[in-house]
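K.L.:
One structure follows; several queries about it will come next.
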Amino acid sequence: MRVAMMTAEDYLASLRGRRPMEIYYLGERVKDPLTHPVIRSAINAVAETYRAAHESETANLMQDVDAVTGIRVSRFTKLYQSREDLRAKTLMQRQLGRRTGTCFQRCVGMDALSSVESVTYEMDQALGTHYHDRFLSFVRRVQQEDLMVDGAMTDVKGNRSLRPGEQPDPDMYLRAVERREDGIVIRGAKGHQTGVLCSHEILVMPTLALRPGEEDYAVCCSVPVDAEGLVYIHGRQASDTRALDGGFDQGNLSFSGQECLVVFDDVFVPWERVYMLGETAYTGSLVERFGALHRQSYAGCKSGMGDVLIGAAAQAVEYSGVAGASHVRDKLVEMTHLNETVYAGGLAAASEAKALPSGTYLSDVLLSNVTKLHVTRNPYEIARLATDLAGGLVGTLPSEADFRHPVAGNFLRKYLATGEDVPPENRARILRLIENIVAGRNAVSYLIESMHGAGSPQAQRVIIGRAANFAEQKAAARRLCGVDEAPERAALPGPAAD
Ligand code: SF4
Ligand code: FE
């Protein structure tokens with residue numbers, strides 16, 4: 001059987017093969033993202049997804065056989081061909097969240113592949129267009145070369161009360177500005193682009209359900225990350241420059257997430273890479289499907305990150321000698337309950353998934369959105385409890401450099417000691433890891449992204465309101481109390497007579 005999967009080393013080499021890209025960070029042009037310490041930690045997190053695909057304990061989760069081609073591919077490039085695929089996705093994401101303690105960035109493109117595949121199929125069936133085969137060729141190349149795809153949906157949106165065409169600046173939503181014989185030219189900007197500098201390809205999708213008259217904005221296409229006209233402005237994260245110093249003040253020594261603003265400054269896209277242009281009626285399904293799939297994804301990665309935070313809190317209380325206190329134990333139990341609630345939601349949404357006309361599976365829309373709404377809350381409460389258990393030192397701890405100083409270091413080792421078997425430095429490392437997740441660099445992945453990634457909470461409430469079946473629920477209530485006539489049923493037998 002053919003296997004198409006890169007190793008972590010192949011992946012790093014593939015990034016080196018990209019043409020120079022225009023990247024800005026901290027007011028400077030970045031020469032090489034691979035050797036930039038701040039950007040490199042995000043690349044490291046993605047590299048773990050490639051590494052895990054080849055390790056015996058995780059390989060089965062990270063790879064699977066494509067049911068159509070029979071080729072063994074990375075799960076990150078596989079279309080969802082069954083409920084089991086969506087369940088396995090959640091398990092994989094939990095493992096990787098636990099392994100990296102951050103957003104490993106590769107799931108946006110994974111969820112986008114199935115979303116676009118299903119919608120292009122339906123467009124071709126109804127409209128006689130030829131998008132589906134084009135898109136399938138893209139998918140097969142992504143699978144065969146084991147590429148990382150950045151899913152680019154979120155436009156910058158300008159004034160939120162105005163439609164795309166009503167904006168004073170028409171570029172606030174990405175659009176086709178030119179249709180040529182050989183392709184189209186697109187202009188605009190996509191915000192919050194997770195892991196885009198770690199990717200090989202960008203899959204552009206519309207950001208909202210569009211209406212007739214908004215055809216120029218109904219664009220779905222793919223572009224290589226090193227295409228001409230792309231400009232990247234790397235986001236700032238709390239304490240991100242600690243990566244420049246290295247050492248344990250970073251909290252997480254090797255991994256981080258990554259978000260960029262990506263400017264499409266008149267990027268040319270050949271026709272064979274265009275998968276929608278003007279079909280406004282299909283933009284709503286594309287956005288809703290991607291939303292459901294990526295909201296279900298959060299169940300996996302955020303519960304994996306939750307595992308790390310719960311573990312760090314449990315270790316911190318053990319180091320400080322209070323692990324046996326009943327209120328401490330109760331807080332750890334509460335954190336676990338909140339974390340497993342998120343995970344359970346993702347598994348439930350997978351088990352209720354339904355096949356779309358193309359045969360690709362969509363996680364249950366209501367349950368996916370309910371899960372993501374939990375994600376906008378539970379990690380915050382878990383982070384609050386971790387901060388509580390860590391104690392005030394998590395906010396006042398001196399730096400690693402002070403631990404190394406001959407005078408300050410001796411005082412720190414004396415006054416931060418809790419027992420002979422607990423090196424104060426280990427205590428400091430665990431507290432820095434907690435800080436990293438609740439208030440430092442990876443709080444972007446664990447908290448801010450939990451709130452706003454895959455759509456902010458209001459977006460989930462709108463879908464939940466639409467998917468809820470209040471009419472059926474009211475009927476159930478009316479029937480039980482006699483407002484509506486109860487269905488006839490045979491009389492129950494009376495008590496047995498002795
Ligand atoms: Fe994957 Fe989670 Fe990051 Fe989304 S937020 S890309 S689901 S790790
Ligand atoms: Fe995300």
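Quick note on naming: the chains in the structure tokens go A, B, ... in the order shown, residues restart at 1 in each chain, and ligands are numbered from 1 in order of appearance.
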Can you list, as a list in words, every protein, DNA or RNA residue that comes within 12 Å of A:Asp402 when you count only C-alpha atoms, leaving out same-chain residues fewer than 4 positions away?
P.N.:
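Listing them by chain and then by number gives Phe248, Asp249, Leu397, Pro398, Pro406, Val407, Ala408, Gly409, Asn410, Phe411, Leu412, Arg413, Glu425 and Ala428 of chain A.
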K.L.:
Would you put the residues from that selection into a file with N, CA, C and O atoms, as a compact mmCIF listing (two decimals), in the first residue's frame?
P.N.:
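And here is the file that came out, part01.txt:
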# COMPACT_ATOMS: atom_id res chain seq x y z
N PHE A 248 13.79 28.54 31.03
CA PHE A 248 12.49 28.12 31.55
C PHE A 248 11.51 29.26 31.82
O PHE A 248 10.35 29.02 32.13
N ASP A 249 11.95 30.51 31.70
CA ASP A 249 10.99 31.61 31.82
C ASP A 249 9.92 31.53 30.73
O ASP A 249 8.84 32.12 30.86
N LEU A 397 7.05 35.43 40.64
CA LEU A 397 8.28 34.62 40.62
C LEU A 397 9.42 35.34 39.90
O LEU A 397 9.26 35.83 38.79
N PRO A 398 10.61 35.42 40.53
CA PRO A 398 11.77 36.02 39.84
C PRO A 398 12.19 35.18 38.62
O PRO A 398 11.77 34.05 38.43
N PRO A 406 24.83 34.36 41.54
CA PRO A 406 25.43 33.75 42.74
C PRO A 406 24.80 34.22 44.06
O PRO A 406 24.68 33.43 45.00
N VAL A 407 24.37 35.46 44.13
CA VAL A 407 23.77 35.93 45.40
C VAL A 407 22.26 35.67 45.39
O VAL A 407 21.72 34.96 46.24
N ALA A 408 21.56 36.23 44.39
CA ALA A 408 20.10 36.10 44.34
C ALA A 408 19.70 34.62 44.28
O ALA A 408 18.74 34.19 44.94
N GLY A 409 20.46 33.83 43.52
CA GLY A 409 20.13 32.42 43.35
C GLY A 409 20.15 31.67 44.66
O GLY A 409 19.26 30.86 44.94
N ASN A 410 21.15 31.96 45.50
CA ASN A 410 21.22 31.27 46.80
C ASN A 410 20.03 31.61 47.67
O ASN A 410 19.45 30.75 48.34
N PHE A 411 19.63 32.90 47.66
CA PHE A 411 18.46 33.29 48.45
C PHE A 411 17.19 32.63 47.89
O PHE A 411 16.33 32.19 48.65
N LEU A 412 17.09 32.59 46.56
CA LEU A 412 15.88 31.98 45.96
C LEU A 412 15.78 30.51 46.34
O LEU A 412 14.71 30.01 46.71
N ARG A 413 16.92 29.80 46.28
CA ARG A 413 16.89 28.37 46.61
C ARG A 413 16.56 28.16 48.08
O ARG A 413 15.89 27.22 48.46
N GLU A 425 13.95 25.07 41.69
CA GLU A 425 13.89 25.32 40.24
C GLU A 425 12.76 24.56 39.57
O GLU A 425 12.13 25.06 38.64
N ALA A 428 9.69 26.39 40.16
CA ALA A 428 9.63 27.56 39.28
C ALA A 428 9.21 27.15 37.85
O ALA A 428 8.41 27.83 37.21
K.L.:
Ligand 1: which residues are within 6 Å, counting only C-alpha atoms and all ligand atoms, as a list in words?
P.N.:
Cys103, Phe104, Gln105, Arg106, Cys107, Val108, Ser297, Tyr298 and Cys301 of chain A
K.L.:
Save the residues we just selected, N, CA and C atoms, as a CSV table (one decimal), in the first residue's frame?
P.N.:
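Once everything was written out, this is part.csv:
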chain,number,residue,atom,x,y,z
A,103,CYS,N,-1.7,25.3,20.6
A,103,CYS,CA,-2.4,25.1,19.3
A,103,CYS,C,-1.4,24.6,18.3
A,104,PHE,N,-1.6,23.4,17.8
A,104,PHE,CA,-0.7,22.8,16.8
A,104,PHE,C,-1.1,23.1,15.4
A,105,GLN,N,-2.1,23.9,15.2
A,105,GLN,CA,-2.4,24.8,14.0
A,105,GLN,C,-2.8,24.0,12.7
A,106,ARG,N,-2.9,22.7,12.8
A,106,ARG,CA,-3.0,22.1,11.5
A,106,ARG,C,-4.5,21.7,11.2
A,107,CYS,N,-5.4,22.0,12.1
A,107,CYS,CA,-6.8,21.4,12.0
A,107,CYS,C,-7.7,22.4,11.2
A,108,VAL,N,-7.3,23.6,11.1
A,108,VAL,CA,-8.1,24.6,10.3
A,108,VAL,C,-8.2,24.1,8.9
A,297,SER,N,-13.7,20.4,16.5
A,297,SER,CA,-12.3,20.2,16.7
A,297,SER,C,-11.8,20.7,18.1
A,298,TYR,N,-12.4,21.8,18.5
A,298,TYR,CA,-11.9,22.5,19.8
A,298,TYR,C,-12.0,21.5,21.0
A,301,CYS,N,-8.5,19.6,21.0
A,301,CYS,CA,-7.2,20.3,21.3
A,301,CYS,C,-7.3,21.0,22.7
K.L.:
At a cut-off of 12 Å, using only C-alpha atoms, what residues contact A:Thr207? Leave out same-chain residues fewer than 2 positions from it and give the result as a ChimeraX atom specification.
P.N.:
/A:151-157,163-164,172-175,188-191,204-205,209-210,217-220,280,282-291,454-455
K.L.:
Please save N, CA, C and O atoms of the selected residues as a short mmCIF file (atom, residue, chain, number, x, y, z; two decimals), in the first residue's frame.
P.N.:
data_model
loop_
_atom_site.label_atom_id
_atom_site.label_comp_id
_atom_site.auth_asym_id
_atom_site.auth_seq_id
_atom_site.Cartn_x
_atom_site.Cartn_y
_atom_site.Cartn_z
N GLY A 151 -6.42 27.27 6.63
CA GLY A 151 -7.81 27.55 6.24
C GLY A 151 -8.10 29.03 6.48
O GLY A 151 -8.11 29.47 7.63
N ALA A 152 -8.29 29.79 5.40
CA ALA A 152 -8.40 31.25 5.54
C ALA A 152 -9.85 31.69 5.34
O ALA A 152 -10.30 31.87 4.21
N MET A 153 -10.56 31.83 6.45
CA MET A 153 -11.96 32.23 6.34
C MET A 153 -12.19 33.67 6.82
O MET A 153 -12.86 34.45 6.15
N THR A 154 -11.62 34.04 7.95
CA THR A 154 -12.04 35.28 8.62
C THR A 154 -11.53 36.54 7.93
O THR A 154 -10.33 36.83 7.93
N ASP A 155 -12.46 37.30 7.36
CA ASP A 155 -12.10 38.60 6.80
C ASP A 155 -11.98 39.62 7.94
O ASP A 155 -12.52 39.42 9.03
N VAL A 156 -11.35 40.75 7.63
CA VAL A 156 -11.18 41.75 8.69
C VAL A 156 -12.47 42.52 8.97
O VAL A 156 -12.68 43.04 10.05
N LYS A 157 -13.37 42.57 8.01
CA LYS A 157 -14.79 42.97 8.16
C LYS A 157 -15.10 44.45 8.38
O LYS A 157 -16.27 44.83 8.37
N ARG A 163 -22.67 45.70 5.12
CA ARG A 163 -22.39 44.54 4.26
C ARG A 163 -21.06 44.77 3.53
O ARG A 163 -20.59 45.92 3.43
N PRO A 164 -20.48 43.70 2.95
CA PRO A 164 -19.18 43.87 2.28
C PRO A 164 -19.15 45.01 1.27
O PRO A 164 -18.25 45.85 1.28
N MET A 172 -12.37 45.42 2.67
CA MET A 172 -12.54 44.88 4.03
C MET A 172 -12.97 43.42 4.01
O MET A 172 -12.89 42.72 5.01
N TYR A 173 -13.51 42.99 2.88
CA TYR A 173 -13.81 41.57 2.67
C TYR A 173 -13.05 41.16 1.42
O TYR A 173 -13.07 41.89 0.42
N LEU A 174 -12.37 40.03 1.50
CA LEU A 174 -11.56 39.61 0.35
C LEU A 174 -12.46 39.40 -0.87
O LEU A 174 -13.56 38.85 -0.75
N ARG A 175 -12.00 39.84 -2.03
CA ARG A 175 -12.85 39.75 -3.23
C ARG A 175 -11.99 39.56 -4.47
O ARG A 175 -10.78 39.80 -4.44
N GLY A 188 -7.58 41.74 -0.48
CA GLY A 188 -8.25 41.78 0.82
C GLY A 188 -7.28 41.32 1.89
O GLY A 188 -6.06 41.25 1.65
N ALA A 189 -7.81 41.01 3.07
CA ALA A 189 -6.94 40.52 4.15
C ALA A 189 -7.72 39.52 4.98
O ALA A 189 -8.91 39.68 5.20
N LYS A 190 -7.04 38.48 5.41
CA LYS A 190 -7.65 37.49 6.32
C LYS A 190 -6.96 37.62 7.67
O LYS A 190 -5.72 37.64 7.76
N GLY A 191 -7.77 37.73 8.71
CA GLY A 191 -7.23 37.92 10.06
C GLY A 191 -7.12 36.60 10.82
O GLY A 191 -7.68 35.59 10.41
N VAL A 204 -8.52 29.68 0.68
CA VAL A 204 -9.33 30.89 0.92
C VAL A 204 -10.80 30.54 0.82
O VAL A 204 -11.23 29.87 -0.13
N MET A 205 -11.58 31.00 1.80
CA MET A 205 -13.04 30.75 1.79
C MET A 205 -13.75 32.05 2.14
O MET A 205 -13.19 32.90 2.82
N ALA A 209 -22.40 34.25 4.95
CA ALA A 209 -23.39 33.91 3.92
C ALA A 209 -23.65 35.16 3.10
O ALA A 209 -24.08 36.19 3.63
N LEU A 210 -23.35 35.07 1.81
CA LEU A 210 -23.45 36.26 0.95
C LEU A 210 -24.79 36.27 0.21
O LEU A 210 -25.48 35.25 0.11
N TYR A 217 -17.39 38.72 -3.76
CA TYR A 217 -16.87 38.28 -2.47
C TYR A 217 -17.01 36.76 -2.27
O TYR A 217 -16.49 36.22 -1.30
N ALA A 218 -17.78 36.14 -3.17
CA ALA A 218 -17.99 34.68 -3.05
C ALA A 218 -16.82 33.97 -3.72
O ALA A 218 -16.93 33.47 -4.84
N VAL A 219 -15.67 33.96 -3.04
CA VAL A 219 -14.44 33.39 -3.62
C VAL A 219 -13.91 32.27 -2.75
O VAL A 219 -13.74 32.45 -1.54
N CYS A 220 -13.69 31.13 -3.36
CA CYS A 220 -12.97 30.05 -2.68
C CYS A 220 -11.87 29.60 -3.63
O CYS A 220 -12.13 29.32 -4.81
N THR A 280 -23.07 32.89 -4.66
CA THR A 280 -23.39 33.37 -3.30
C THR A 280 -24.30 32.41 -2.54
O THR A 280 -24.20 32.29 -1.32
N TYR A 282 -24.21 29.39 -2.10
CA TYR A 282 -23.53 28.27 -1.44
C TYR A 282 -22.57 28.72 -0.33
O TYR A 282 -21.96 27.89 0.34
N THR A 283 -22.46 30.02 -0.17
CA THR A 283 -21.51 30.49 0.83
C THR A 283 -21.98 30.18 2.25
O THR A 283 -21.18 29.87 3.13
N GLY A 284 -23.31 30.24 2.48
CA GLY A 284 -23.85 29.96 3.82
C GLY A 284 -23.51 28.56 4.27
O GLY A 284 -23.06 28.34 5.39
N SER A 285 -23.73 27.56 3.37
CA SER A 285 -23.43 26.17 3.78
C SER A 285 -21.96 25.99 4.03
O SER A 285 -21.55 25.28 4.95
N LEU A 286 -21.13 26.64 3.20
CA LEU A 286 -19.68 26.48 3.39
C LEU A 286 -19.26 27.02 4.77
O LEU A 286 -18.54 26.34 5.53
N VAL A 287 -19.76 28.19 5.12
CA VAL A 287 -19.39 28.78 6.40
C VAL A 287 -19.94 27.93 7.56
O VAL A 287 -19.25 27.66 8.54
N GLU A 288 -21.18 27.47 7.41
CA GLU A 288 -21.79 26.71 8.52
C GLU A 288 -21.09 25.35 8.71
O GLU A 288 -20.86 24.91 9.83
N ARG A 289 -20.74 24.72 7.60
CA ARG A 289 -20.09 23.41 7.72
C ARG A 289 -18.69 23.54 8.33
O ARG A 289 -18.31 22.79 9.22
N PHE A 290 -17.94 24.52 7.82
CA PHE A 290 -16.61 24.71 8.40
C PHE A 290 -16.75 25.05 9.89
O PHE A 290 -16.00 24.55 10.72
N GLY A 291 -17.74 25.90 10.20
CA GLY A 291 -17.95 26.29 11.60
C GLY A 291 -18.22 25.07 12.46
O GLY A 291 -17.62 24.90 13.53
N ALA A 454 -12.75 29.85 15.65
CA ALA A 454 -13.90 29.16 15.03
C ALA A 454 -15.19 29.92 15.29
O ALA A 454 -16.27 29.34 15.34
N GLY A 455 -15.09 31.21 15.47
CA GLY A 455 -16.28 32.04 15.69
C GLY A 455 -16.47 32.36 17.16
O GLY A 455 -16.27 31.51 18.02
#
K.L.:
Find the residue from A:Glu28, A:Asp64, A:Asp388, A:Glu201 that sits nearest to A:His327; use only C-alpha atoms when measuring.
P.N.:
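Answer, going by the shortest atom-to-atom distance: A:Asp388.
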K.L.:
Could you list, as JSON, numbers by chain, every residue within 10 Å of A:Ala344, counting only C-alpha atoms and ignoring same-chain residues fewer than 5 positions away?
P.N.:
{"A": [90, 299, 300, 303, 339, 349, 350, 371]}
K.L.:
With only C-alpha atoms as the atoms that count, which of A:Ile430, A:Pro357, A:Arg160, A:Arg51 lies nearest to A:Val317?
P.N.:
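Counting only C-alpha atoms, the residue closest to A:Val317 is A:Ile430.
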K.L.:
I'd like the interatomic distance between atom CA of A:Tyr25 and atom CA of A:Ile233, to a tenth of an Å.
P.N.:
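Computing the Euclidean distance for atom CA of A:Tyr25 and atom CA of A:Ile233 yields 6.1 Å.
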K.L.:
Where in stretch 159-408 of chain A does DSSP assign helix (DSSP H, G or I), given as a VMD selection string?
P.N.:
chain A and resid 164 to 166 170 to 172 196 to 198 215 to 217 242 to 245 248 to 250 271 to 273 280 to 320 326 to 351 365 to 375 378 to 390 393 to 396 400 to 404 406 to 408
K.L.:
In Å, how far is it from atom CA of A:Phe264 to atom CA of A:Asn159?
P.N.:
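A separation of 19.5 Å between them.
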K.L.:
Which of these residues is nearest to A:His54, using only C-alpha atoms: A:Ala8, A:Met92, A:Leu86, A:Leu393?
P.N.:
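Closest to A:His54, using only C-alpha atoms: A:Ala8.
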K.L.:
Would you please work out which residue, of A:Phe255, A:Tyr50, A:Tyr232, A:Phe403, is nearest to A:Leu147 when using only C-alpha atoms?
P.N.:
A:Tyr50
K.L.:
Between atom CA of A:Gly304 and atom CA of A:Arg94, what is the distance in Å, rounded to a tenth?
P.N.:
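Straight-line distance from atom CA of A:Gly304 to atom CA of A:Arg94 works out to 4.2 Å.
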K.L.:
My list of candidates is A:Val267, A:Val139, A:Ala313, A:Cys481. Which is closest to A:Glu178 when distances are computed with only C-alpha atoms?
P.N.:
A:Val267
K.L.:
Pick out the closest residue to A:Leu447 from this set: A:Glu485, A:Asp266, A:Asp124, A:Glu381. Count only C-alpha atoms.
P.N.:
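The shortest atom-to-atom distance to A:Leu447 comes from A:Glu381.
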K.L.:
Write out as number ranges by chain the set of residues from stretch 286-457 of chain A that DSSP, computed on the backbone, places in strand (DSSP E or B).
P.N.:
A: 354-355, 361-362
K.L.:
Neighbouring residues of A:Val46 were defined as those with any atom within 12 Å, considering only C-alpha atoms; residues of the same chain fewer than 6 positions away were excluded. Please report them as a PyMOL selection string.
P.N.:
chain A and resi 6-9+11-12+15+39-40+52-53+76+96-97+99-107+147-150+194-200+254-258
K.L.:
Could you give me, as a ChimeraX atom specification, the residues within 12 Å of A:Ala468, counting only C-alpha atoms and dropping anything in the same chain fewer than 6 positions from it?
P.N.:
/A:365-367,369-370,460-462,474
K.L.:
Name the residues in contact with A:Ser320 at a cut-off of 12 Å, using only C-alpha atoms, excluding same-chain residues fewer than 6 positions from it; report them as a list in words.
P.N.:
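Residues meeting the cut-off are Ala313, Ala314, Val328, Leu389, Ala390, Gly391, Leu393, Leu416, Ala417, Thr418, Gly419, Glu420, Asp421, Val422, Pro423, Pro424, Asn426, Arg427, Ala428, Ile430 and Leu431 of chain A.
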K.L.:
How about saving the chosen residues, C-alpha atoms kept, as a JSON list (two decimals), in the first residue's frame?
P.N.:
[["chain", "number", "residue", "atom", "x", "y", "z"],
["A", 313, "ALA", "CA", -1.68, 22.46, 38.93],
["A", 314, "ALA", "CA", -1.62, 18.99, 40.51],
["A", 328, "VAL", "CA", -7.36, 21.16, 46.79],
["A", 389, "LEU", "CA", -3.98, 26.33, 43.22],
["A", 390, "ALA", "CA", -0.67, 27.75, 41.98],
["A", 391, "GLY", "CA", -0.71, 30.50, 44.60],
["A", 393, "LEU", "CA", 3.99, 33.03, 43.33],
["A", 416, "LEU", "CA", 11.51, 29.02, 47.75],
["A", 417, "ALA", "CA", 12.33, 25.62, 49.24],
["A", 418, "THR", "CA", 9.34, 23.53, 50.31],
["A", 419, "GLY", "CA", 11.02, 20.23, 51.12],
["A", 420, "GLU", "CA", 14.28, 18.42, 50.61],
["A", 421, "ASP", "CA", 12.97, 16.41, 47.69],
["A", 422, "VAL", "CA", 11.65, 19.44, 45.76],
["A", 423, "PRO", "CA", 14.31, 21.48, 43.92],
["A", 424, "PRO", "CA", 13.04, 25.11, 43.94],
["A", 426, "ASN", "CA", 11.39, 22.57, 39.46],
["A", 427, "ARG", "CA", 8.76, 24.51, 41.36],
["A", 428, "ALA", "CA", 9.63, 27.56, 39.28],
["A", 430, "ILE", "CA", 5.91, 24.30, 36.80],
["A", 431, "LEU", "CA", 4.70, 27.76, 37.85]]
